[in-house]
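File shown here: data.cif, holding mmCIF, C-alpha atoms.
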```
data_work
#
loop_
_atom_site.group_PDB
_atom_site.id
_atom_site.type_symbol
_atom_site.label_atom_id
_atom_site.label_comp_id
_atom_site.auth_asym_id
_atom_site.auth_seq_id
_atom_site.Cartn_x
_atom_site.Cartn_y
_atom_site.Cartn_z
ATOM 1 C CA MET S 1 -8.978 15.727 15.448
ATOM 2 C CA GLN S 2 -9.471 18.888 13.478
ATOM 3 C CA SER S 3 -12.457 21.213 13.517
ATOM 4 C CA LEU S 4 -13.505 23.656 10.889
ATOM 5 C CA ASN S 5 -16.372 26.016 10.357
ATOM 6 C CA SER S 6 -17.817 26.060 6.918
ATOM 7 C CA SER S 7 -18.387 29.664 5.827
ATOM 8 C CA SER S 8 -21.519 31.540 6.767
ATOM 9 C CA GLU S 9 -23.548 28.524 7.737
ATOM 10 C CA GLU S 10 -21.428 27.848 10.833
ATOM 11 C CA ARG S 11 -21.807 24.218 10.020
ATOM 12 C CA ARG S 12 -19.430 22.328 12.267
ATOM 13 C CA LEU S 13 -17.440 19.694 10.441
ATOM 14 C CA GLU S 14 -14.990 17.595 12.379
ATOM 15 C CA VAL S 15 -12.268 15.354 10.980
ATOM 16 C CA ARG S 16 -11.762 12.393 13.256
ATOM 17 C CA LYS S 17 -10.855 8.737 13.158
ATOM 18 C CA LEU S 18 -13.490 6.187 12.206
ATOM 19 C CA GLU S 19 -15.552 4.903 15.120
ATOM 20 C CA ILE S 20 -17.457 1.668 15.231
ATOM 21 C CA SER S 21 -20.763 3.533 15.502
ATOM 22 C CA ASP S 22 -20.103 5.169 12.120
ATOM 23 C CA LYS S 23 -21.562 2.123 10.422
ATOM 24 C CA ASN S 24 -24.970 3.487 11.462
ATOM 25 C CA LYS S 25 -24.104 6.948 10.185
ATOM 26 C CA GLY S 26 -23.900 6.044 6.526
ATOM 27 C CA PHE S 27 -20.208 5.103 6.317
ATOM 28 C CA ILE S 28 -20.784 2.071 4.092
ATOM 29 C CA GLU S 29 -23.307 3.953 1.920
ATOM 30 C CA LEU S 30 -20.650 6.644 1.438
ATOM 31 C CA LEU S 31 -18.123 4.040 0.285
ATOM 32 C CA GLN S 32 -20.703 2.788 -2.193
ATOM 33 C CA GLN S 33 -20.298 6.099 -4.003
ATOM 34 C CA LEU S 34 -16.658 5.131 -4.583
ATOM 35 C CA THR S 35 -16.866 1.557 -5.769
ATOM 36 C CA VAL S 36 -18.488 -1.811 -5.275
ATOM 37 C CA CYS S 37 -19.398 -2.164 -1.628
ATOM 38 C CA ASP S 38 -22.367 -4.350 -0.780
ATOM 39 C CA SER S 39 -23.992 -3.968 2.582
ATOM 40 C CA VAL S 40 -21.718 -5.280 5.303
ATOM 41 C CA SER S 41 -23.059 -7.189 8.306
ATOM 42 C CA ASP S 42 -22.461 -5.742 11.779
ATOM 43 C CA LYS S 43 -20.247 -8.748 12.575
ATOM 44 C CA ASP S 44 -18.086 -8.323 9.452
ATOM 45 C CA PHE S 45 -17.820 -4.595 10.073
ATOM 46 C CA GLU S 46 -16.757 -5.090 13.668
ATOM 47 C CA ASP S 47 -14.230 -7.779 12.745
ATOM 48 C CA ARG S 48 -12.596 -5.590 10.110
ATOM 49 C CA PHE S 49 -12.724 -2.581 12.415
ATOM 50 C CA GLN S 50 -10.874 -4.536 15.113
ATOM 51 C CA GLU S 51 -8.302 -5.878 12.639
ATOM 52 C CA LEU S 52 -7.516 -2.342 11.547
ATOM 53 C CA SER S 53 -7.537 -0.975 15.095
ATOM 54 C CA ALA S 54 -4.907 -3.556 16.005
ATOM 55 C CA LEU S 55 -2.586 -1.822 13.531
ATOM 56 C CA GLY S 56 -2.862 1.415 15.531
ATOM 57 C CA ASN S 57 -1.429 4.428 13.761
ATOM 58 C CA ASP S 58 -0.075 2.232 10.970
ATOM 59 C CA HIS S 59 -3.539 2.189 9.368
ATOM 60 C CA ILE S 60 -6.083 4.871 10.063
ATOM 61 C CA ILE S 61 -9.389 5.771 8.489
ATOM 62 C CA CYS S 62 -10.630 9.302 8.989
ATOM 63 C CA VAL S 63 -14.130 10.647 8.488
ATOM 64 C CA ILE S 64 -15.991 13.936 8.485
ATOM 65 C CA GLU S 65 -19.369 13.875 10.169
ATOM 66 C CA ASP S 66 -22.009 16.457 9.418
ATOM 67 C CA ASP S 67 -23.322 17.422 12.841
ATOM 68 C CA ARG S 68 -26.623 18.588 11.337
ATOM 69 C CA SER S 69 -27.534 15.320 9.669
ATOM 70 C CA GLY S 70 -25.398 13.028 11.800
ATOM 71 C CA LYS S 71 -24.106 11.488 8.581
ATOM 72 C CA ILE S 72 -20.555 10.658 7.525
ATOM 73 C CA ILE S 73 -19.997 12.803 4.438
ATOM 74 C CA ALA S 74 -16.307 12.258 3.682
ATOM 75 C CA THR S 75 -13.674 9.628 4.373
ATOM 76 C CA GLY S 76 -10.220 8.417 3.425
ATOM 77 C CA SER S 77 -7.567 6.064 4.752
ATOM 78 C CA VAL S 78 -3.805 5.858 4.978
ATOM 79 C CA PHE S 79 -1.601 2.957 5.921
ATOM 80 C CA ILE S 80 2.082 3.046 6.688
ATOM 81 C CA GLU S 81 4.307 0.653 4.790
ATOM 82 C CA LYS S 82 7.644 -0.210 6.419
ATOM 83 C CA LYS S 83 10.541 -0.704 4.047
ATOM 84 C CA PHE S 84 14.247 -1.493 4.028
ATOM 85 C CA ILE S 85 15.010 1.038 1.292
ATOM 86 C CA ARG S 86 15.600 4.683 2.162
ATOM 87 C CA ASN S 87 17.351 3.648 5.351
ATOM 88 C CA CYS S 88 14.477 1.553 6.643
ATOM 89 C CA GLY S 89 12.080 4.262 5.517
ATOM 90 C CA LYS S 90 8.315 4.367 5.630
ATOM 91 C CA VAL S 91 5.742 5.265 2.975
ATOM 92 C CA GLY S 92 2.158 6.374 3.508
ATOM 93 C CA HIS S 93 -0.417 4.947 1.108
ATOM 94 C CA ILE S 94 -3.627 6.954 0.811
ATOM 95 C CA GLU S 95 -6.675 4.941 -0.232
ATOM 96 C CA ASP S 96 -10.425 5.176 -0.604
ATOM 97 C CA VAL S 97 -10.971 8.928 -0.495
ATOM 98 C CA VAL S 98 -14.594 9.849 -1.119
ATOM 99 C CA VAL S 99 -16.854 12.825 -0.462
ATOM 100 C CA ASP S 100 -20.636 12.516 -0.381
ATOM 101 C CA SER S 101 -22.216 13.727 -3.615
ATOM 102 C CA SER S 102 -24.327 16.225 -1.640
ATOM 103 C CA ALA S 103 -21.247 17.746 -0.015
ATOM 104 C CA ARG S 104 -18.997 18.358 -3.001
ATOM 105 C CA GLY S 105 -17.479 21.808 -3.506
ATOM 106 C CA MET S 106 -16.853 22.330 0.213
ATOM 107 C CA GLN S 107 -13.174 21.353 0.031
ATOM 108 C CA LEU S 108 -13.840 18.283 2.150
ATOM 109 C CA GLY S 109 -11.685 16.130 -0.117
ATOM 110 C CA LYS S 110 -8.789 18.495 0.375
ATOM 111 C CA ILE S 111 -9.301 18.422 4.136
ATOM 112 C CA ILE S 112 -9.362 14.616 4.179
ATOM 113 C CA VAL S 113 -6.222 14.341 2.037
ATOM 114 C CA GLY S 114 -4.485 16.963 4.183
ATOM 115 C CA PHE S 115 -5.351 15.075 7.357
ATOM 116 C CA LEU S 116 -4.031 11.782 5.943
ATOM 117 C CA THR S 117 -0.907 13.454 4.544
ATOM 118 C CA ASN S 118 -0.155 15.019 7.927
ATOM 119 C CA HIS S 119 -0.591 11.663 9.577
ATOM 120 C CA ALA S 120 1.948 10.092 7.204
ATOM 121 C CA ARG S 121 4.385 12.937 7.864
ATOM 122 C CA GLU S 122 3.982 12.602 11.621
ATOM 123 C CA MET S 123 4.577 8.862 11.331
ATOM 124 C CA GLY S 124 7.974 9.602 9.798
ATOM 125 C CA CYS S 125 7.220 8.671 6.191
ATOM 126 C CA TYR S 126 9.565 10.044 3.539
ATOM 127 C CA LYS S 127 6.663 10.259 1.080
ATOM 128 C CA VAL S 128 2.963 9.650 0.728
ATOM 129 C CA ILE S 129 1.481 8.183 -2.451
ATOM 130 C CA LEU S 130 -1.879 7.334 -3.956
ATOM 131 C CA ASP S 131 -3.363 6.028 -7.171
ATOM 132 C CA CYS S 132 -6.127 7.868 -8.980
ATOM 133 C CA SER S 133 -7.756 8.303 -12.359
ATOM 134 C CA VAL S 134 -6.411 10.870 -14.802
ATOM 135 C CA GLU S 135 -9.617 12.850 -14.126
ATOM 136 C CA ASN S 136 -8.610 13.334 -10.490
ATOM 137 C CA GLN S 137 -5.006 14.333 -11.215
ATOM 138 C CA GLY S 138 -5.844 18.050 -11.009
ATOM 139 C CA PHE S 139 -7.472 17.655 -7.610
ATOM 140 C CA TYR S 140 -4.450 15.915 -6.153
ATOM 141 C CA GLU S 141 -2.101 18.470 -7.679
ATOM 142 C CA LYS S 142 -4.022 21.107 -5.703
ATOM 143 C CA CYS S 143 -3.299 18.956 -2.644
ATOM 144 C CA GLY S 144 0.440 19.193 -3.376
ATOM 145 C CA PHE S 145 0.914 15.857 -5.146
ATOM 146 C CA LYS S 146 2.793 15.268 -8.382
ATOM 147 C CA HIS S 147 2.262 12.662 -11.078
ATOM 148 C CA LYS S 148 5.075 10.183 -10.562
ATOM 149 C CA ALA S 149 4.383 6.769 -12.045
ATOM 150 C CA ILE S 150 1.676 4.520 -13.416
ATOM 151 C CA GLN S 151 -0.417 1.973 -11.591
ATOM 152 C CA MET S 152 -0.695 -1.579 -12.890
ATOM 153 C CA ALA S 153 -3.362 -3.968 -11.605
ATOM 154 C CA LYS S 154 -4.272 -7.627 -11.833
ATOM 155 C CA TYR S 155 -7.751 -8.721 -10.784
ATOM 156 C CA PHE S 156 -8.512 -12.183 -9.451
ATOM 157 C CA ASN S 157 -11.761 -13.971 -10.218
ATOM 158 C CA MET Q 1 9.086 -21.972 -1.382
ATOM 159 C CA GLN Q 2 9.515 -22.651 -5.059
ATOM 160 C CA SER Q 3 12.503 -24.233 -6.799
ATOM 161 C CA LEU Q 4 13.513 -23.911 -10.385
ATOM 162 C CA ASN Q 5 16.370 -25.084 -12.500
ATOM 163 C CA SER Q 6 17.815 -22.558 -14.854
ATOM 164 C CA SER Q 7 18.447 -24.174 -18.243
ATOM 165 C CA SER Q 8 21.590 -26.152 -18.980
ATOM 166 C CA GLU Q 9 23.629 -24.838 -16.101
ATOM 167 C CA GLU Q 10 21.537 -26.663 -13.528
ATOM 168 C CA ARG Q 11 21.836 -23.599 -11.429
ATOM 169 C CA ARG Q 12 19.481 -23.968 -8.499
ATOM 170 C CA LEU Q 13 17.458 -20.871 -7.785
ATOM 171 C CA GLU Q 14 15.034 -20.920 -4.921
ATOM 172 C CA VAL Q 15 12.301 -18.391 -4.170
ATOM 173 C CA ARG Q 16 11.821 -18.116 -0.444
ATOM 174 C CA LYS Q 17 10.928 -15.585 2.223
ATOM 175 C CA LEU Q 18 13.563 -13.160 3.464
ATOM 176 C CA GLU Q 19 15.667 -14.470 6.347
ATOM 177 C CA ILE Q 20 17.563 -12.375 8.822
ATOM 178 C CA SER Q 21 20.874 -13.813 7.575
ATOM 179 C CA ASP Q 22 20.180 -12.391 4.107
ATOM 180 C CA LYS Q 23 21.635 -9.084 5.228
ATOM 181 C CA ASN Q 24 25.048 -10.762 4.885
ATOM 182 C CA LYS Q 25 24.159 -12.125 1.460
ATOM 183 C CA GLY Q 26 23.926 -8.798 -0.318
ATOM 184 C CA PHE Q 27 20.243 -8.034 0.267
ATOM 185 C CA ILE Q 28 20.819 -4.340 1.042
ATOM 186 C CA GLU Q 29 23.288 -3.971 -1.834
ATOM 187 C CA LEU Q 30 20.640 -5.425 -4.135
ATOM 188 C CA LEU Q 31 18.095 -2.844 -2.950
ATOM 189 C CA GLN Q 32 20.671 -0.149 -3.702
ATOM 190 C CA GLN Q 33 20.232 -1.026 -7.376
ATOM 191 C CA LEU Q 34 16.591 0.022 -7.016
ATOM 192 C CA THR Q 35 16.800 3.305 -5.154
ATOM 193 C CA VAL Q 36 18.443 5.199 -2.327
ATOM 194 C CA CYS Q 37 19.381 2.734 0.368
ATOM 195 C CA ASP Q 38 22.370 3.571 2.510
ATOM 196 C CA SER Q 39 24.018 0.828 4.478
ATOM 197 C CA VAL Q 40 21.769 -0.341 7.294
ATOM 198 C CA SER Q 41 23.135 -1.297 10.711
ATOM 199 C CA ASP Q 42 22.577 -4.824 11.977
ATOM 200 C CA LYS Q 43 20.378 -3.421 14.741
ATOM 201 C CA ASP Q 44 18.192 -1.388 12.366
ATOM 202 C CA PHE Q 45 17.905 -4.350 10.010
ATOM 203 C CA GLU Q 46 16.874 -6.694 12.792
ATOM 204 C CA ASP Q 47 14.345 -4.204 14.190
ATOM 205 C CA ARG Q 48 12.694 -3.709 10.808
ATOM 206 C CA PHE Q 49 12.824 -7.455 10.115
ATOM 207 C CA GLN Q 50 11.013 -8.146 13.385
ATOM 208 C CA GLU Q 51 8.436 -5.423 12.747
ATOM 209 C CA LEU Q 52 7.621 -6.979 9.403
ATOM 210 C CA SER Q 53 7.670 -10.525 10.756
ATOM 211 C CA ALA Q 54 5.062 -9.490 13.307
ATOM 212 C CA LEU Q 55 2.704 -8.820 10.379
ATOM 213 C CA GLY Q 56 2.991 -12.471 9.316
ATOM 214 C CA ASN Q 57 1.526 -13.181 5.901
ATOM 215 C CA ASP Q 58 0.154 -9.643 5.692
ATOM 216 C CA HIS Q 59 3.582 -8.419 4.613
ATOM 217 C CA ILE Q 60 6.131 -10.723 3.053
ATOM 218 C CA ILE Q 61 9.435 -10.135 1.309
ATOM 219 C CA CYS Q 62 10.664 -12.877 -0.989
ATOM 220 C CA VAL Q 63 14.161 -13.388 -2.347
ATOM 221 C CA ILE Q 64 15.996 -15.581 -4.813
ATOM 222 C CA GLU Q 65 19.395 -16.779 -3.660
ATOM 223 C CA ASP Q 66 22.029 -17.939 -6.110
ATOM 224 C CA ASP Q 67 23.365 -21.125 -4.546
ATOM 225 C CA ARG Q 68 26.640 -20.769 -6.430
ATOM 226 C CA SER Q 69 27.554 -17.336 -5.131
ATOM 227 C CA GLY Q 70 25.433 -17.385 -1.992
ATOM 228 C CA LYS Q 71 24.139 -13.972 -2.998
ATOM 229 C CA ILE Q 72 20.576 -12.650 -3.053
ATOM 230 C CA ILE Q 73 19.975 -11.789 -6.708
ATOM 231 C CA ALA Q 74 16.284 -10.875 -6.775
ATOM 232 C CA THR Q 75 13.665 -9.643 -4.346
ATOM 233 C CA GLY Q 76 10.212 -8.151 -4.054
ATOM 234 C CA SER Q 77 7.576 -7.557 -1.392
ATOM 235 C CA VAL Q 78 3.817 -7.605 -1.054
ATOM 236 C CA PHE Q 79 1.633 -6.368 1.751
ATOM 237 C CA ILE Q 80 -2.037 -7.010 2.229
ATOM 238 C CA GLU Q 81 -4.278 -4.010 2.761
ATOM 239 C CA LYS Q 82 -7.596 -4.651 4.502
ATOM 240 C CA LYS Q 83 -10.517 -2.577 3.318
ATOM 241 C CA PHE Q 84 -14.215 -2.062 3.918
ATOM 242 C CA ILE Q 85 -15.016 -1.709 0.212
ATOM 243 C CA ARG Q 86 -15.584 -4.801 -1.921
ATOM 244 C CA ASN Q 87 -17.315 -6.472 0.997
ATOM 245 C CA CYS Q 88 -14.431 -6.024 3.404
ATOM 246 C CA GLY Q 89 -12.046 -6.993 0.627
ATOM 247 C CA LYS Q 90 -8.282 -7.143 0.595
ATOM 248 C CA VAL Q 91 -5.743 -5.761 -1.875
ATOM 249 C CA GLY Q 92 -2.167 -6.887 -2.375
ATOM 250 C CA HIS Q 93 0.397 -4.127 -2.936
ATOM 251 C CA ILE Q 94 3.597 -5.241 -4.661
ATOM 252 C CA GLU Q 95 6.645 -3.102 -3.886
ATOM 253 C CA ASP Q 96 10.402 -2.973 -4.328
ATOM 254 C CA VAL Q 97 10.919 -5.568 -7.060
ATOM 255 C CA VAL Q 98 14.539 -5.688 -8.199
ATOM 256 C CA VAL Q 99 16.792 -8.176 -9.987
ATOM 257 C CA ASP Q 100 20.579 -8.005 -9.715
ATOM 258 C CA SER Q 101 22.135 -6.419 -12.796
ATOM 259 C CA SER Q 102 24.255 -9.546 -13.350
ATOM 260 C CA ALA Q 103 21.179 -11.792 -13.372
ATOM 261 C CA ARG Q 104 18.900 -9.975 -15.799
ATOM 262 C CA GLY Q 105 17.372 -11.918 -18.685
ATOM 263 C CA MET Q 106 16.780 -15.038 -16.587
ATOM 264 C CA GLN Q 107 13.105 -14.257 -15.943
ATOM 265 C CA LEU Q 108 13.786 -13.779 -12.255
ATOM 266 C CA GLY Q 109 11.625 -10.656 -12.147
ATOM 267 C CA LYS Q 110 8.735 -12.623 -13.565
ATOM 268 C CA ILE Q 111 9.270 -15.367 -10.986
ATOM 269 C CA ILE Q 112 9.339 -12.843 -8.131
ATOM 270 C CA VAL Q 113 6.180 -11.089 -9.338
ATOM 271 C CA GLY Q 114 4.462 -14.457 -9.845
ATOM 272 C CA PHE Q 115 5.353 -15.529 -6.316
ATOM 273 C CA LEU Q 116 4.030 -12.293 -4.808
ATOM 274 C CA THR Q 117 0.887 -12.378 -6.965
ATOM 275 C CA ASN Q 118 0.161 -15.943 -5.864
ATOM 276 C CA HIS Q 119 0.613 -14.920 -2.258
ATOM 277 C CA ALA Q 120 -1.929 -12.116 -2.666
ATOM 278 C CA ARG Q 121 -4.370 -14.526 -4.321
ATOM 279 C CA GLU Q 122 -3.937 -17.086 -1.555
ATOM 280 C CA MET Q 123 -4.503 -14.367 1.036
ATOM 281 C CA GLY Q 124 -7.928 -13.745 -0.517
ATOM 282 C CA CYS Q 125 -7.198 -10.435 -2.241
ATOM 283 C CA TYR Q 126 -9.569 -9.389 -5.015
ATOM 284 C CA LYS Q 127 -6.694 -7.699 -6.839
ATOM 285 C CA VAL Q 128 -2.996 -7.015 -6.655
ATOM 286 C CA ILE Q 129 -1.541 -3.664 -7.704
ATOM 287 C CA LEU Q 130 1.799 -1.958 -8.102
ATOM 288 C CA ASP Q 131 3.271 1.305 -9.301
ATOM 289 C CA CYS Q 132 6.011 1.437 -11.912
ATOM 290 C CA SER Q 133 7.616 3.663 -14.501
ATOM 291 C CA VAL Q 134 6.231 3.744 -18.029
ATOM 292 C CA GLU Q 135 9.430 1.930 -19.096
ATOM 293 C CA ASN Q 136 8.464 -1.099 -16.996
ATOM 294 C CA GLN Q 137 4.855 -1.244 -18.185
ATOM 295 C CA GLY Q 138 5.672 -3.882 -20.820
ATOM 296 C CA PHE Q 139 7.331 -6.135 -18.268
ATOM 297 C CA TYR Q 140 4.324 -6.059 -15.973
ATOM 298 C CA GLU Q 141 1.958 -6.655 -18.870
ATOM 299 C CA LYS Q 142 3.882 -9.868 -19.535
ATOM 300 C CA CYS Q 143 3.200 -10.704 -15.869
ATOM 301 C CA GLY Q 144 -0.545 -10.328 -16.507
ATOM 302 C CA PHE Q 145 -1.034 -6.786 -15.210
ATOM 303 C CA LYS Q 146 -2.942 -4.007 -16.934
ATOM 304 C CA HIS Q 147 -2.410 -0.261 -16.810
ATOM 305 C CA LYS Q 148 -5.203 1.009 -14.597
ATOM 306 C CA ALA Q 149 -4.507 4.420 -13.059
ATOM 307 C CA ILE Q 150 -1.809 6.945 -12.322
ATOM 308 C CA GLN Q 151 0.303 7.298 -9.223
ATOM 309 C CA MET Q 152 0.586 10.647 -7.452
ATOM 310 C CA ALA Q 153 3.275 11.286 -4.852
ATOM 311 C CA LYS Q 154 4.200 13.907 -2.298
ATOM 312 C CA TYR Q 155 7.698 13.868 -0.810
ATOM 313 C CA PHE Q 156 8.478 15.205 2.640
ATOM 314 C CA ASN Q 157 11.726 16.980 3.416
#
```
Go ahead and express the file in the form of structure tokens.
Amino acid sequence: MQSLNSSSEERRLEVRKLEISDKNKGFIELLQQLTVCDSVSDKDFEDRFQELSALGNDHIICVIEDDRSGKIIATGSVFIEKKFIRNCGKVGHIEDVVVDSSARGMQLGKIIVGFLTNHAREMGCYKVILDCSVENQGFYEKCGFKHKAIQMAKYFN
Amino acid sequence: MQSLNSSSEERRLEVRKLEISDKNKGFIELLQQLTVCDSVSDKDFEDRFQELSALGNDHIICVIEDDRSGKIIATGSVFIEKKFIRNCGKVGHIEDVVVDSSARGMQLGKIIVGFLTNHAREMGCYKVILDCSVENQGFYEKCGFKHKAIQMAKYFN
């Protein structure tokens, strides 16, 4: 958990792991700003939440809650892939980083990425990677990332 | 498991999941053709193998063994990431695809990628993704993938 005070407003913004009650704090609506994400039933949310919880520190989702509105205004996830290469090394994969449109410009994205990057480092990863659009390359460079490869995708129907 | 006969030689090449005995069939040496991979102790190999086995179909490594030499000549892995987006969707991540330098030109890479892609589809993923160098883009396009984004990386010391 990491706390920060946002400038003069003394707005308290806390980075913490996703909790099951975050579904009622706009977590899914926040993800809808990222990509296709229909409303999720409480049962489906809880099932997925438990599946991910079972992975412990190998897959975490972090969020920032705005204590004024009680809303989740930023999130991101990282999972730890275990390999044989690099002497049975581990790689952190950052996914699904999004900041609420009303909260942009407050460096929340950088805070989320920093939190996830630190988690990967603490888990013993030799690197952390992510895929993004060319438009977001500059943002991730500010977070200390370098353009390394290209992402290829195949969608199923 | 998938069997195939390679042209006139009637060489039998089988795609199957990694087995613990594959360490003695050149599996680590094959990975060394991909990237840094020092020799791994039997204990470390077994520990990592068991960690991955515990994930069941959520993380598989497949290999092709040459029945003539008894050597592993191709491999690749895929793990299944569970998300909240896309209606609690799943994404397959293909990693560490490599074909032995003596076995190139036999379409083994395509067979490995096809096997891993099918696994992701069967696991209910809405897409399968991978990162590669620009030089390998053409190969993955032949496997049905499209260039979608860029990969950013941060290495830890």
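CA of Ile150 in chain S is found 21.0 Å from CA of Gly76 in chain S.
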Step by step, work through what the PyMOL selection byres ((chain S) within 6 of (chain Q)) selects in the shown file, and finish by giving those residues as a ChimeraX atom specification.
-> /S:36-38,85-87,126-133,145-156
For Ser101 in chain S, work out the shell of residues within 12 Å, counting only C-alpha atoms and skipping chain neighbours fewer than 5 positions away, then give it as a ChimeraX atom specification.
-> /S:29-34,72-74,106,108-109
Interatomic distance between CA of Asp58 in chain Q and CA of Ile112 in chain S?
->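 Atom-to-atom, CA of Asp58 in chain Q and CA of Ile112 in chain S are spaced 26.1 Å apart.
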Starting from the shown file, work through the PyMOL selection byres ((chain S and resi 69) around 12) and note down what comes out as a JSON list (two decimals) with C-alpha atoms, in the coordinates of the input.
```json
[["chain", "number", "residue", "atom", "x", "y", "z"],
["S", 11, "ARG", "CA", -21.81, 24.22, 10.02],
["S", 12, "ARG", "CA", -19.43, 22.33, 12.27],
["S", 13, "LEU", "CA", -17.44, 19.69, 10.44],
["S", 25, "LYS", "CA", -24.10, 6.95, 10.18],
["S", 26, "GLY", "CA", -23.90, 6.04, 6.53],
["S", 64, "ILE", "CA", -15.99, 13.94, 8.48],
["S", 65, "GLU", "CA", -19.37, 13.88, 10.17],
["S", 66, "ASP", "CA", -22.01, 16.46, 9.42],
["S", 67, "ASP", "CA", -23.32, 17.42, 12.84],
["S", 68, "ARG", "CA", -26.62, 18.59, 11.34],
["S", 70, "GLY", "CA", -25.40, 13.03, 11.80],
["S", 71, "LYS", "CA", -24.11, 11.49, 8.58],
["S", 72, "ILE", "CA", -20.56, 10.66, 7.52],
["S", 73, "ILE", "CA", -20.00, 12.80, 4.44],
["S", 102, "SER", "CA", -24.33, 16.23, -1.64],
["S", 103, "ALA", "CA", -21.25, 17.75, -0.02]]
```
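Interatomic distance, CA of Asp42 in chain Q to CA of Ile20 in chain Q: 9.6 Å.
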List as a PyMOL selection string: which residues have an atom within 7 Å of (-9.4, 7.4, 8.8), counting all atoms listed in the file?
-> chain S and resi 17-18+60-63+75-78
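Residue nearest Gly114 in chain Q, chosen from Q:Lys43, Q:Glu19, Q:Lys142, Q:Val99 and counting all atoms listed in the file: Q:Lys142.
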Around range 29-37 of chain Q, with edges along x, y and z and 4 Å added on all six sides, what centre and edge lengths do you get, in Å to one decimal, as lines of an AutoDock Vina configuration file?
```
center_x = 19.9
center_y = -0.1
center_z = -3.5
size_x = 14.7
size_y = 18.6
size_z = 15.7
```
